[in-house]
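Asks: Dropping the structure in here first, questions after.
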Amino acid sequence: MPKVTRKLQITLPKRMAEAVGIGPGDEVEFAVAGEGLRLAPRAAAAGELSTAERLRLFREATARQAARNVAIGAVAAESDRGWRRDELYERGPAG
């Protein structure tokens with residue numbers, strides 16, 4: 001596991017750098033992500049992700065949130081409330 005030096009530097013593990021296409025001399029961006037940091041190649045951090053990559057990241061985030069909802073016992077949005085959203089618009093004016 002890499003450690004932070006006194007100069008606040010870290011060594012990125014080679015397998016991780018290769019997995020995301022970061023090489024020697026490449027510029028990277030750091031972003032705060034919740035309680036952690038996100039490190040990305042500069043082009044990707046500037047919003048230049050491909051549509052396929054953005055969809056993959058969205059699906060992963062959705063799966064993580066669904067797992068958290070199950071873990072905390074959150075009620076699914078599709079639960080039976082006894083009414084439907086469209087019923088809100090079927091009612092006439094109050095009075």
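Just so we're on the same page: first chain in the structure tokens is A, next is B, and so on; residues restart at 1 for each chain, and ligands are numbered from 1 in the order they show up.
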Select from chain A everything DSSP, run on the backbone, classes as alpha helix (DSSP H), then give the selection as a ChimeraX atom specification.
Replies: /A:14-20,42-45,51-72,87-90
Asks: Write the residues of the preceding selection, restricted to C-alpha atoms, as a PDB file, in the first residue's frame.
Replies:
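Final file, selection.pdb:
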```pdb
ATOM      1  CA  LYS A  14       1.969   0.363 -11.843  1.00  0.00           C
ATOM      2  CA  ARG A  15      -0.990  -1.938 -12.435  1.00  0.00           C
ATOM      3  CA  MET A  16      -3.426   0.846 -11.542  1.00  0.00           C
ATOM      4  CA  ALA A  17      -1.670   3.393 -13.746  1.00  0.00           C
ATOM      5  CA  GLU A  18      -1.681   0.982 -16.669  1.00  0.00           C
ATOM      6  CA  ALA A  19      -5.356   0.145 -16.132  1.00  0.00           C
ATOM      7  CA  VAL A  20      -6.380   3.784 -16.661  1.00  0.00           C
ATOM      8  CA  ARG A  42      -6.131  15.191 -17.246  1.00  0.00           C
ATOM      9  CA  ALA A  43      -8.153  14.650 -20.439  1.00  0.00           C
ATOM     10  CA  ALA A  44     -10.682  12.480 -18.610  1.00  0.00           C
ATOM     11  CA  ALA A  45     -10.941  14.904 -15.708  1.00  0.00           C
ATOM     12  CA  THR A  51     -20.062   8.048 -23.880  1.00  0.00           C
ATOM     13  CA  ALA A  52     -19.333   4.387 -23.190  1.00  0.00           C
ATOM     14  CA  GLU A  53     -17.047   5.285 -20.269  1.00  0.00           C
ATOM     15  CA  ARG A  54     -19.588   7.712 -18.817  1.00  0.00           C
ATOM     16  CA  LEU A  55     -22.308   5.045 -19.045  1.00  0.00           C
ATOM     17  CA  ARG A  56     -20.039   2.478 -17.391  1.00  0.00           C
ATOM     18  CA  LEU A  57     -19.284   4.855 -14.523  1.00  0.00           C
ATOM     19  CA  PHE A  58     -22.984   5.681 -14.156  1.00  0.00           C
ATOM     20  CA  ARG A  59     -23.943   1.992 -14.023  1.00  0.00           C
ATOM     21  CA  GLU A  60     -21.266   1.322 -11.401  1.00  0.00           C
ATOM     22  CA  ALA A  61     -22.447   4.248  -9.280  1.00  0.00           C
ATOM     23  CA  THR A  62     -26.063   3.112  -9.615  1.00  0.00           C
ATOM     24  CA  ALA A  63     -25.128  -0.411  -8.517  1.00  0.00           C
ATOM     25  CA  ARG A  64     -23.198   0.963  -5.512  1.00  0.00           C
ATOM     26  CA  GLN A  65     -26.176   3.083  -4.480  1.00  0.00           C
ATOM     27  CA  ALA A  66     -28.577   0.148  -4.854  1.00  0.00           C
ATOM     28  CA  ALA A  67     -26.295  -1.953  -2.639  1.00  0.00           C
ATOM     29  CA  ARG A  68     -26.212   0.826  -0.028  1.00  0.00           C
ATOM     30  CA  ASN A  69     -30.012   1.076  -0.132  1.00  0.00           C
ATOM     31  CA  VAL A  70     -30.315  -2.660   0.515  1.00  0.00           C
ATOM     32  CA  ALA A  71     -27.755  -2.482   3.330  1.00  0.00           C
ATOM     33  CA  ILE A  72     -29.640   0.256   5.167  1.00  0.00           C
ATOM     34  CA  GLU A  87     -53.436  10.837  -9.462  1.00  0.00           C
ATOM     35  CA  LEU A  88     -52.116  14.126  -8.125  1.00  0.00           C
ATOM     36  CA  TYR A  89     -53.020  15.731 -11.451  1.00  0.00           C
ATOM     37  CA  GLU A  90     -56.423  14.016 -11.860  1.00  0.00           C
TER      38      GLU A  90
END
```
Asks: Mind the document's chain letters and residue numbers, and return as an MDAnalysis selection string the residues of segment 10-86 of chain A that DSSP labels strand (DSSP E).
Replies: chainID A and resid 28:33 36:41
Asks: Which one is closest to Gly25 of chain A: A:Lys3, A:Ser50, A:Pro41, A:Asp86? Count only C-alpha atoms.
Replies: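 Distance minimum relative to Gly25 of chain A lands on A:Pro41.
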Asks: What does the structure give for the distance between atom CA of Met1 of chain A and atom CA of Pro13 of chain A, in Å to one decimal?
Replies: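 These two atoms are separated by 8.5 Å.
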